[in-house]
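K.L.:
Structure file coords-v4.pdb, PDB, C-alpha atoms, is pasted below:
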ATOM      1  CA  MET A   1     102.381 107.490  28.845
ATOM      2  CA  THR A   2     104.820 110.303  29.240
ATOM      3  CA  GLU A   3     102.807 111.671  32.151
ATOM      4  CA  SER A   4     102.841 108.402  34.085
ATOM      5  CA  LYS A   5     106.569 108.149  33.553
ATOM      6  CA  SER A   6     107.152 111.611  34.909
ATOM      7  CA  THR A   7     105.104 110.921  38.063
ATOM      8  CA  GLU A   8     107.004 107.702  38.624
ATOM      9  CA  HIS A   9     110.210 109.630  38.431
ATOM     10  CA  GLY A  10     108.812 112.208  40.855
ATOM     11  CA  ASP A  11     107.892 109.505  43.394
ATOM     12  CA  ARG A  12     111.355 108.026  43.223
ATOM     13  CA  ALA A  13     112.925 111.412  43.782
ATOM     14  CA  GLN A  14     110.682 111.970  46.807
ATOM     15  CA  ASN A  15     111.545 108.585  48.252
ATOM     16  CA  ALA A  16     115.225 109.303  47.895
ATOM     17  CA  GLU A  17     114.724 112.576  49.683
ATOM     18  CA  ARG A  18     112.789 110.937  52.486
ATOM     19  CA  GLY A  19     115.435 108.268  52.863
ATOM     20  CA  GLU A  20     118.130 110.876  53.236
ATOM     21  CA  ARG A  21     116.112 112.759  55.804
ATOM     22  CA  SER A  22     115.498 109.680  57.969
ATOM     23  CA  ARG A  23     119.212 108.879  57.961
ATOM     24  CA  ARG A  24     120.117 112.303  59.274
ATOM     25  CA  PHE A  25     120.154 112.533  63.069
ATOM     26  CA  VAL A  26     117.920 115.254  64.446
ATOM     27  CA  SER A  27     118.672 116.076  68.049
ATOM     28  CA  ARG A  28     115.688 117.067  70.130
ATOM     29  CA  PRO A  29     115.882 118.353  73.691
ATOM     30  CA  LYS A  30     115.140 115.415  75.968
ATOM     31  CA  PHE A  31     113.035 115.923  79.047
ATOM     32  CA  CYS A  32     111.170 113.720  81.439
ATOM     33  CA  GLN A  33     107.443 114.172  80.962
ATOM     34  CA  PHE A  34     106.676 113.298  84.559
ATOM     35  CA  CYS A  35     109.316 115.603  86.042
ATOM     36  CA  SER A  36     108.137 118.606  84.054
ATOM     37  CA  ASP A  37     104.444 117.981  84.719
ATOM     38  CA  LYS A  38     103.836 117.184  88.373
ATOM     39  CA  ASN A  39     100.107 116.704  87.826
ATOM     40  CA  LEU A  40     100.711 113.783  85.499
ATOM     41  CA  VAL A  41     100.691 110.683  87.697
ATOM     42  CA  ILE A  42     101.908 107.295  86.541
ATOM     43  CA  ASP A  43      98.939 105.048  87.140
ATOM     44  CA  TYR A  44      98.571 101.479  85.927
ATOM     45  CA  LYS A  45      94.802 102.005  85.667
ATOM     46  CA  ASN A  46      95.198 104.770  83.097
ATOM     47  CA  VAL A  47      95.230 102.662  79.940
ATOM     48  CA  GLU A  48      95.507 105.589  77.562
ATOM     49  CA  LEU A  49      98.619 106.881  79.311
ATOM     50  CA  MET A  50     100.288 103.507  79.813
ATOM     51  CA  SER A  51      99.705 102.398  76.222
ATOM     52  CA  ARG A  52     102.014 105.228  75.164
ATOM     53  CA  TYR A  53     104.875 103.416  76.882
ATOM     54  CA  ILE A  54     104.627 100.127  75.024
ATOM     55  CA  ASN A  55     105.447  99.558  71.376
ATOM     56  CA  GLU A  56     103.402  97.707  68.750
ATOM     57  CA  THR A  57     104.685  94.344  69.930
ATOM     58  CA  GLY A  58     103.691  95.083  73.509
ATOM     59  CA  LYS A  59     107.194  95.640  74.843
ATOM     60  CA  ILE A  60     108.008  98.419  77.274
ATOM     61  CA  ARG A  61     109.600 101.250  75.332
ATOM     62  CA  PRO A  62     113.193 102.060  76.278
ATOM     63  CA  ARG A  63     114.274 105.223  77.984
ATOM     64  CA  ARG A  64     115.884 106.593  74.849
ATOM     65  CA  GLN A  65     112.417 106.645  73.273
ATOM     66  CA  THR A  66     110.252 107.679  76.212
ATOM     67  CA  GLY A  67     112.675 110.326  77.419
ATOM     68  CA  ALA A  68     111.766 109.538  81.009
ATOM     69  CA  CYS A  69     114.285 109.947  83.807
ATOM     70  CA  ALA A  70     115.570 106.822  85.560
ATOM     71  CA  LYS A  71     113.195 107.184  88.494
ATOM     72  CA  HIS A  72     110.106 107.608  86.361
ATOM     73  CA  GLN A  73     111.126 104.929  83.878
ATOM     74  CA  ARG A  74     111.209 102.455  86.775
ATOM     75  CA  GLU A  75     107.729 103.559  87.794
ATOM     76  CA  ILE A  76     106.499 103.247  84.197
ATOM     77  CA  ALA A  77     107.901  99.726  83.916
ATOM     78  CA  LYS A  78     106.215  98.705  87.164
ATOM     79  CA  ALA A  79     102.902 100.254  86.114
ATOM     80  CA  VAL A  80     102.967  98.535  82.705
ATOM     81  CA  LYS A  81     103.578  95.191  84.416
ATOM     82  CA  ASN A  82     100.676  95.789  86.800
ATOM     83  CA  ALA A  83      98.428  96.772  83.907
ATOM     84  CA  ARG A  84      99.401  93.630  82.006
ATOM     85  CA  HIS A  85      98.500  91.429  84.938
ATOM     86  CA  ILE A  86      94.922  92.683  85.018
ATOM     87  CA  ALA A  87      94.628  92.493  81.221
ATOM     88  CA  LEU A  88      94.492  96.227  80.598
ATOM     89  CA  LEU A  89      97.590  95.965  78.421
ATOM     90  CA  PRO A  90      98.781  93.011  76.357
ATOM     91  CA  PHE A  91     101.868  90.931  77.137
ATOM     92  CA  GLU A  92     102.506  90.647  73.429
ATOM     93  CA  GLY A  93     100.994  91.561  70.115
ATOM     94  CA  ASP A  94      99.120  94.468  68.680
ATOM     95  CA  PHE A  95      96.603  95.674  71.170
ATOM     96  CA  TRP A  96      95.155  98.462  69.007
ATOM     97  CA  ALA A  97      94.520  96.305  65.970
ATOM     98  CA  ASP A  98      92.498  93.966  68.168
ATOM     99  CA  ASN A  99      90.303  96.673  69.632
ATOM    100  CA  ASN A 100      89.327  98.252  66.314
TER     101      ASN A 100
ATOM    102  CA  MET B   1      96.453 100.287 108.721
ATOM    103  CA  HIS B   2      97.265 101.394 105.210
ATOM    104  CA  ASN B   3      95.389 102.444 102.134
ATOM    105  CA  TYR B   4      95.090  99.744  99.515
ATOM    106  CA  GLU B   5      93.533  99.444  96.148
ATOM    107  CA  LEU B   6      92.043  96.221  94.862
ATOM    108  CA  ILE B   7      90.989  95.492  91.316
ATOM    109  CA  PHE B   8      89.361  92.198  90.531
ATOM    110  CA  ILE B   9      87.929  90.826  87.328
ATOM    111  CA  LEU B  10      84.760  88.791  87.528
ATOM    112  CA  GLN B  11      83.445  86.513  84.815
ATOM    113  CA  ALA B  12      81.432  88.715  82.466
ATOM    114  CA  ASP B  13      78.854  86.037  81.672
ATOM    115  CA  LEU B  14      77.458  86.041  85.214
ATOM    116  CA  ASP B  15      73.985  87.522  85.639
ATOM    117  CA  GLU B  16      73.323  90.761  87.494
ATOM    118  CA  ALA B  17      72.369  89.101  90.781
ATOM    119  CA  SER B  18      75.451  86.893  91.027
ATOM    120  CA  LEU B  19      77.685  89.820  90.103
ATOM    121  CA  ASN B  20      76.158  91.804  92.954
ATOM    122  CA  THR B  21      76.575  88.969  95.451
ATOM    123  CA  ALA B  22      80.170  88.433  94.326
ATOM    124  CA  VAL B  23      80.974  92.102  94.924
ATOM    125  CA  GLU B  24      79.144  92.041  98.268
ATOM    126  CA  ASN B  25      81.079  88.955  99.315
ATOM    127  CA  VAL B  26      84.365  90.763  98.777
ATOM    128  CA  GLU B  27      82.965  93.772 100.616
ATOM    129  CA  THR B  28      81.985  91.736 103.680
ATOM    130  CA  LEU B  29      85.280  89.831 103.536
ATOM    131  CA  ILE B  30      87.198  93.089 103.851
ATOM    132  CA  LYS B  31      84.903  94.443 106.563
ATOM    133  CA  ASN B  32      85.022  91.226 108.619
ATOM    134  CA  ASN B  33      88.809  91.428 108.758
ATOM    135  CA  GLY B  34      88.794  94.941 110.157
ATOM    136  CA  GLY B  35      88.994  96.861 106.902
ATOM    137  CA  GLU B  36      87.222 100.066 105.999
ATOM    138  CA  ILE B  37      85.966 100.521 102.470
ATOM    139  CA  ALA B  38      86.408 104.012 101.078
ATOM    140  CA  LYS B  39      85.107 103.531  97.566
ATOM    141  CA  ILE B  40      83.771 100.861  95.263
ATOM    142  CA  ASP B  41      83.944 101.674  91.597
ATOM    143  CA  ARG B  42      82.429  99.271  89.114
ATOM    144  CA  TRP B  43      84.031  99.742  85.751
ATOM    145  CA  GLY B  44      81.666  97.199  84.316
ATOM    146  CA  LYS B  45      82.257  94.975  81.332
ATOM    147  CA  ARG B  46      85.528  95.547  79.500
ATOM    148  CA  LYS B  47      87.336  93.776  76.759
ATOM    149  CA  LEU B  48      90.457  92.048  78.050
ATOM    150  CA  ALA B  49      93.780  92.805  76.372
ATOM    151  CA  TYR B  50      94.304  89.066  76.051
ATOM    152  CA  PRO B  51      92.063  86.067  76.752
ATOM    153  CA  ILE B  52      92.063  84.684  80.306
ATOM    154  CA  ASN B  53      90.746  81.134  80.652
ATOM    155  CA  LYS B  54      89.611  81.416  77.024
ATOM    156  CA  VAL B  55      87.364  84.356  77.926
ATOM    157  CA  ASN B  56      87.659  87.704  76.149
ATOM    158  CA  GLU B  57      85.579  89.868  78.457
ATOM    159  CA  GLY B  58      85.617  90.667  82.138
ATOM    160  CA  TYR B  59      83.675  92.650  84.715
ATOM    161  CA  TYR B  60      86.099  95.025  86.449
ATOM    162  CA  VAL B  61      85.592  96.224  90.017
ATOM    163  CA  LEU B  62      87.867  98.679  91.820
ATOM    164  CA  VAL B  63      87.830  98.847  95.631
ATOM    165  CA  ASP B  64      89.662 101.465  97.683
ATOM    166  CA  PHE B  65      90.036 100.394 101.293
ATOM    167  CA  ASN B  66      91.960 100.747 104.499
ATOM    168  CA  TYR B  67      93.413  97.491 105.731
ATOM    169  CA  HIS B  68      95.922  95.940 108.080
ATOM    170  CA  PRO B  69      99.066  94.815 106.206
ATOM    171  CA  ASP B  70      99.068  91.364 107.842
ATOM    172  CA  GLU B  71      95.584  90.626 106.514
ATOM    173  CA  VAL B  72      96.384  91.330 102.862
ATOM    174  CA  ALA B  73      97.913  87.900 102.204
ATOM    175  CA  GLY B  74      94.722  86.258 103.465
ATOM    176  CA  LEU B  75      92.572  88.473 101.266
ATOM    177  CA  LYS B  76      94.625  87.570  98.197
ATOM    178  CA  ARG B  77      94.390  83.879  99.047
ATOM    179  CA  THR B  78      90.614  84.002  99.398
ATOM    180  CA  LEU B  79      90.254  85.833  96.091
ATOM    181  CA  GLY B  80      92.473  83.234  94.458
ATOM    182  CA  TYR B  81      90.175  80.425  95.610
ATOM    183  CA  ASN B  82      87.123  82.159  94.174
ATOM    184  CA  GLU B  83      86.470  80.745  90.728
ATOM    185  CA  GLN B  84      84.318  83.678  89.660
ATOM    186  CA  VAL B  85      87.342  85.970  90.021
ATOM    187  CA  LEU B  86      89.524  85.725  86.930
ATOM    188  CA  ARG B  87      92.264  88.046  88.181
ATOM    189  CA  HIS B  88      92.907  90.316  91.125
ATOM    190  CA  ILE B  89      95.570  92.812  92.097
ATOM    191  CA  VAL B  90      96.173  94.545  95.421
ATOM    192  CA  VAL B  91      98.314  97.674  95.373
ATOM    193  CA  ARG B  92      99.315  99.755  98.350
ATOM    194  CA  LYS B  93      98.663 103.418  97.732
ATOM    195  CA  ALA B  94     101.215 106.046  98.556
TER     196      ALA B  94
END
Taking this structure as input, can you express it in the form of structure tokens?

P.N.:
Amino acid sequence: MTESKSTEHGDRAQNAERGERSRRFVSRPKFCQFCSDKNLVIDYKNVELMSRYINETGKIRPRRQTGACAKHQREIAKAVKNARHIALLPFEGDFWADNN
Amino acid sequence: MHNYELIFILQADLDEASLNTAVENVETLIKNNGGEIAKIDRWGKRKLAYPINKVNEGYYVLVDFNYHPDEVAGLKRTLGYNEQVLRHIVVRKA
């Protein structure tokens, strides 16, 4: 009994810690993936690459998340739209849950 | 003349022979209008990210070709009339 109580308490303490950590803003250096790596080409046929730029609901991820520069974000958006049209990416919904 | 890239999705439930003829038809269509085909890549059967016409699978074919810009609209129209083609996309390559 006493043991279970102590673990419960431990979990709560951990959760509190985690909560605090998530609230704190951690600044990371932002860089455009496609500017720094010239070999990486934005291609609507590359499903693995393009799926990194949509979120779980199928929306195009914003620039503050992708870190892409304006020029490359435009290209990403275009490529995602092309990929959606030929059913490589979903318009909505969880694409990964479906495939598994 | 410019370099283009065409991807079209055929119905996956077609048999081997009709798939081949469908691909050949597109091939001859491009050639008859003065195009040059550089590459045909058959991706084969793939699961679609969402159902099209209540179908969950499609047979993907990628064609790289050299074509006159004025003829592209006609090519798209012809593909649109073809009922075996679920979707198509023509992209000009840089």

K.L.:
Name the residues that the PyMOL selection byres ((chain B) within 10 of (chain A)) picks from the file above, as a PyMOL selection string, using the file's chain letters and numbers.

P.N.:
chain B and resi 7-9+46-52+56-58+60+62+86-91

K.L.:
Please define a box with edges along x, y and z of the file around all atoms of region 6-21 of chain B given in the file, extend it by 6 Å on each side, and return its centre and edge lengths in Å to one decimal, as lines of an AutoDock Vina configuration file.

P.N.:
center_x = 82.2
center_y = 91.1
center_z = 88.6
size_x = 31.7
size_y = 22.2
size_z = 25.8

K.L.:
So the first atom is CA of Met1 (chain B) and the second is CA of Glu36 (chain B); what is the distance between them in Å, to one decimal place?

P.N.:
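It comes out at 9.6 Å.
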
K.L.:
Quick one: distance from CA of Tyr53 (chain A) to CA of Asp37 (chain A) in Å, one decimal?

P.N.:
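These two atoms are separated by 16.5 Å.
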
K.L.:
Would you kindly return, as a ChimeraX atom specification, each protein, DNA or RNA residue with an atom no farther than 7 Å from any atom of region 26-35 of chain A, considering all atoms listed in the file and excluding same-chain residues fewer than 4 positions away?

P.N.:
/A:40,67-69,72

K.L.:
Kindly export the residues of the current selection with C-alpha atoms, as a PDB file, in the coordinates of the input.

P.N.:
ATOM      1  CA  LEU A  40     100.711 113.783  85.499  1.00  0.00           C
ATOM      2  CA  GLY A  67     112.675 110.326  77.419  1.00  0.00           C
ATOM      3  CA  ALA A  68     111.766 109.538  81.009  1.00  0.00           C
ATOM      4  CA  CYS A  69     114.285 109.947  83.807  1.00  0.00           C
ATOM      5  CA  HIS A  72     110.106 107.608  86.361  1.00  0.00           C
TER       6      HIS A  72
END

K.L.:
Hey, what comes out of the PyMOL selection byres ((chain A and resi 43) around 9) on this file? Could you write it as a ChimeraX atom specification?

P.N.:
/A:41-42,44-47,49-50,75-76,79-80,83

K.L.:
Of the residues B:Ile30, B:Leu14, B:Val55, B:Val85, which is the one nearest to Glu71 (chain B), using only C-alpha atoms?

P.N.:
B:Ile30

K.L.:
Quick one: of B:Lys45, B:Lys76, B:Arg92, B:Lys39, who's nearest to Val63 (chain B), counting all atoms listed in the file?

P.N.:
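Nearest to Val63 (chain B): B:Lys39.
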
K.L.:
Complete region 51-75 of chain B with N, CA and C atoms (output as a PDB file, in the frame of the given file).

P.N.:
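What follows is the written file out.pdb:
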ATOM      1  N   PRO B  51      93.031  86.971  76.124  1.00  0.00           N
ATOM      2  CA  PRO B  51      92.063  86.067  76.752  1.00  0.00           C
ATOM      3  C   PRO B  51      92.598  85.440  78.047  1.00  0.00           C
ATOM      4  N   ILE B  52      91.744  85.387  79.065  1.00  0.00           N
ATOM      5  CA  ILE B  52      92.063  84.684  80.306  1.00  0.00           C
ATOM      6  C   ILE B  52      91.076  83.523  80.414  1.00  0.00           C
ATOM      7  N   ASN B  53      91.580  82.344  80.621  1.00  0.00           N
ATOM      8  CA  ASN B  53      90.746  81.134  80.652  1.00  0.00           C
ATOM      9  C   ASN B  53      89.826  81.065  79.434  1.00  0.00           C
ATOM     10  N   LYS B  54      90.353  81.431  78.295  1.00  0.00           N
ATOM     11  CA  LYS B  54      89.611  81.416  77.024  1.00  0.00           C
ATOM     12  C   LYS B  54      88.415  82.356  77.014  1.00  0.00           C
ATOM     13  N   VAL B  55      88.429  83.360  77.880  1.00  0.00           N
ATOM     14  CA  VAL B  55      87.364  84.356  77.926  1.00  0.00           C
ATOM     15  C   VAL B  55      87.944  85.696  77.481  1.00  0.00           C
ATOM     16  N   ASN B  56      87.149  86.443  76.681  1.00  0.00           N
ATOM     17  CA  ASN B  56      87.659  87.704  76.149  1.00  0.00           C
ATOM     18  C   ASN B  56      87.144  88.943  76.869  1.00  0.00           C
ATOM     19  N   GLU B  57      86.175  88.736  77.772  1.00  0.00           N
ATOM     20  CA  GLU B  57      85.579  89.868  78.457  1.00  0.00           C
ATOM     21  C   GLU B  57      85.618  89.657  79.956  1.00  0.00           C
ATOM     22  N   GLY B  58      85.633  90.769  80.683  1.00  0.00           N
ATOM     23  CA  GLY B  58      85.617  90.667  82.138  1.00  0.00           C
ATOM     24  C   GLY B  58      84.871  91.822  82.754  1.00  0.00           C
ATOM     25  N   TYR B  59      84.390  91.602  83.982  1.00  0.00           N
ATOM     26  CA  TYR B  59      83.675  92.650  84.715  1.00  0.00           C
ATOM     27  C   TYR B  59      84.628  93.187  85.774  1.00  0.00           C
ATOM     28  N   TYR B  60      85.069  94.444  85.581  1.00  0.00           N
ATOM     29  CA  TYR B  60      86.099  95.025  86.449  1.00  0.00           C
ATOM     30  C   TYR B  60      85.468  95.740  87.637  1.00  0.00           C
ATOM     31  N   VAL B  61      86.033  95.508  88.815  1.00  0.00           N
ATOM     32  CA  VAL B  61      85.592  96.224  90.017  1.00  0.00           C
ATOM     33  C   VAL B  61      86.820  96.750  90.747  1.00  0.00           C
ATOM     34  N   LEU B  62      86.774  98.029  91.089  1.00  0.00           N
ATOM     35  CA  LEU B  62      87.867  98.679  91.820  1.00  0.00           C
ATOM     36  C   LEU B  62      87.390  98.980  93.236  1.00  0.00           C
ATOM     37  N   VAL B  63      88.175  98.586  94.227  1.00  0.00           N
ATOM     38  CA  VAL B  63      87.830  98.847  95.631  1.00  0.00           C
ATOM     39  C   VAL B  63      88.988  99.585  96.297  1.00  0.00           C
ATOM     40  N   ASP B  64      88.686 100.739  96.864  1.00  0.00           N
ATOM     41  CA  ASP B  64      89.662 101.465  97.683  1.00  0.00           C
ATOM     42  C   ASP B  64      89.341 101.169  99.131  1.00  0.00           C
ATOM     43  N   PHE B  65      90.337 100.742  99.902  1.00  0.00           N
ATOM     44  CA  PHE B  65      90.036 100.394 101.293  1.00  0.00           C
ATOM     45  C   PHE B  65      91.243 100.575 102.191  1.00  0.00           C
ATOM     46  N   ASN B  66      90.952 100.588 103.468  1.00  0.00           N
ATOM     47  CA  ASN B  66      91.960 100.747 104.499  1.00  0.00           C
ATOM     48  C   ASN B  66      92.069  99.398 105.197  1.00  0.00           C
ATOM     49  N   TYR B  67      93.283  98.867 105.296  1.00  0.00           N
ATOM     50  CA  TYR B  67      93.413  97.491 105.731  1.00  0.00           C
ATOM     51  C   TYR B  67      94.688  97.291 106.523  1.00  0.00           C
ATOM     52  N   HIS B  68      94.708  96.259 107.341  1.00  0.00           N
ATOM     53  CA  HIS B  68      95.922  95.940 108.080  1.00  0.00           C
ATOM     54  C   HIS B  68      96.854  95.138 107.177  1.00  0.00           C
ATOM     55  N   PRO B  69      98.141  95.479 107.135  1.00  0.00           N
ATOM     56  CA  PRO B  69      99.066  94.815 106.206  1.00  0.00           C
ATOM     57  C   PRO B  69      99.120  93.291 106.368  1.00  0.00           C
ATOM     58  N   ASP B  70      98.976  92.811 107.616  1.00  0.00           N
ATOM     59  CA  ASP B  70      99.068  91.364 107.842  1.00  0.00           C
ATOM     60  C   ASP B  70      97.891  90.590 107.250  1.00  0.00           C
ATOM     61  N   GLU B  71      96.788  91.303 106.998  1.00  0.00           N
ATOM     62  CA  GLU B  71      95.584  90.626 106.514  1.00  0.00           C
ATOM     63  C   GLU B  71      95.553  90.524 104.991  1.00  0.00           C
ATOM     64  N   VAL B  72      96.456  91.255 104.333  1.00  0.00           N
ATOM     65  CA  VAL B  72      96.384  91.330 102.862  1.00  0.00           C
ATOM     66  C   VAL B  72      96.630  89.966 102.222  1.00  0.00           C
ATOM     67  N   ALA B  73      97.592  89.216 102.769  1.00  0.00           N
ATOM     68  CA  ALA B  73      97.913  87.900 102.204  1.00  0.00           C
ATOM     69  C   ALA B  73      96.678  87.004 102.230  1.00  0.00           C
ATOM     70  N   GLY B  74      95.932  87.072 103.343  1.00  0.00           N
ATOM     71  CA  GLY B  74      94.722  86.258 103.465  1.00  0.00           C
ATOM     72  C   GLY B  74      93.664  86.655 102.455  1.00  0.00           C
ATOM     73  N   LEU B  75      93.550  87.960 102.244  1.00  0.00           N
ATOM     74  CA  LEU B  75      92.572  88.473 101.266  1.00  0.00           C
ATOM     75  C   LEU B  75      92.900  87.966  99.868  1.00  0.00           C
TER      76      LEU B  75
END
